[in-house]
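Note sheet for the following structure.
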Amino acid sequence: MVKVKGAEITYDKQGRMNYHPKFHFSHGKPFTERELEYICKFYEIDHVRTIAFAIGKTERAIHTKVQCLKRGNLYDYYKNRNKYW
């Protein structure tokens with residue numbers, strides 16, 4: 001555990017950071033198209049923790065969203081979209 005002004009940072013059994021309001025500012029909000037494109041473009045080449053910090057969601061939310069996009073055959077669509085990134 002690490003303390004950050006008023007709240008401590010905790011991790012789950014897989015070593016992923018649990019929700020923390022200072023770092024996960026978009027938690028609970030729907031994913032934007034821009035965020036989906038960012039996730040799909042960088043998921044295979046960057047650390048999930050870095051992506052999570054960049055868009056303000058938890059690592060678990062990123063993993064879950066990627067699984068959903070792959071199941072719905074939308075992962076490659078967003079990865080190759082090239083509208084924002």
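By convention in this document, the chains of the structure tokens carry letters A, B, ... by their order, each chain's residues are numbered from 1, and ligands are numbered from 1 in the order they are shown.
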
Mind listing the strand (DSSP E or B) residues of chain A, per DSSP on the backbone, as number ranges by chain? A: 2-4, 7-9, 11, 17

Create the file for the chosen residues now, containing N, CA and C atoms and written as a PDB file, in the first residue's frame.
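Result file is again-v6.pdb:
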```pdb
ATOM      1  N   VAL A   2       0.382   2.232  -0.732  1.00  0.00           N
ATOM      2  CA  VAL A   2       1.058   3.520  -0.813  1.00  0.00           C
ATOM      3  C   VAL A   2       0.028   4.587  -0.469  1.00  0.00           C
ATOM      4  N   LYS A   3       0.419   5.566   0.320  1.00  0.00           N
ATOM      5  CA  LYS A   3      -0.511   6.638   0.660  1.00  0.00           C
ATOM      6  C   LYS A   3      -0.319   7.825  -0.274  1.00  0.00           C
ATOM      7  N   VAL A   4      -1.451   8.345  -0.750  1.00  0.00           N
ATOM      8  CA  VAL A   4      -1.453   9.531  -1.598  1.00  0.00           C
ATOM      9  C   VAL A   4      -2.467  10.497  -1.011  1.00  0.00           C
ATOM     10  N   ALA A   7      -5.847   9.272   0.722  1.00  0.00           N
ATOM     11  CA  ALA A   7      -6.304   7.928   0.361  1.00  0.00           C
ATOM     12  C   ALA A   7      -5.094   7.070   0.013  1.00  0.00           C
ATOM     13  N   GLU A   8      -5.195   5.804   0.301  1.00  0.00           N
ATOM     14  CA  GLU A   8      -4.070   4.925  -0.015  1.00  0.00           C
ATOM     15  C   GLU A   8      -4.337   4.165  -1.308  1.00  0.00           C
ATOM     16  N   ILE A   9      -3.274   3.808  -1.967  1.00  0.00           N
ATOM     17  CA  ILE A   9      -3.358   3.045  -3.207  1.00  0.00           C
ATOM     18  C   ILE A   9      -3.277   1.573  -2.844  1.00  0.00           C
ATOM     19  N   TYR A  11      -3.791  -2.625  -4.391  1.00  0.00           N
ATOM     20  CA  TYR A  11      -3.648  -3.443  -5.596  1.00  0.00           C
ATOM     21  C   TYR A  11      -4.391  -4.760  -5.420  1.00  0.00           C
ATOM     22  N   MET A  17      -3.670  -1.821  -9.980  1.00  0.00           N
ATOM     23  CA  MET A  17      -4.127  -0.810  -9.040  1.00  0.00           C
ATOM     24  C   MET A  17      -5.652  -0.812  -8.986  1.00  0.00           C
TER      25      MET A  17
END
```

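Nearest residue to Ala61 (chain A) among A:His27, A:Lys13, A:His20, A:Lys41 is A:His27, counting only C-alpha atoms.
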
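CA of Tyr78 (chain A) is found 4.8 Å from CA of Glu37 (chain A).
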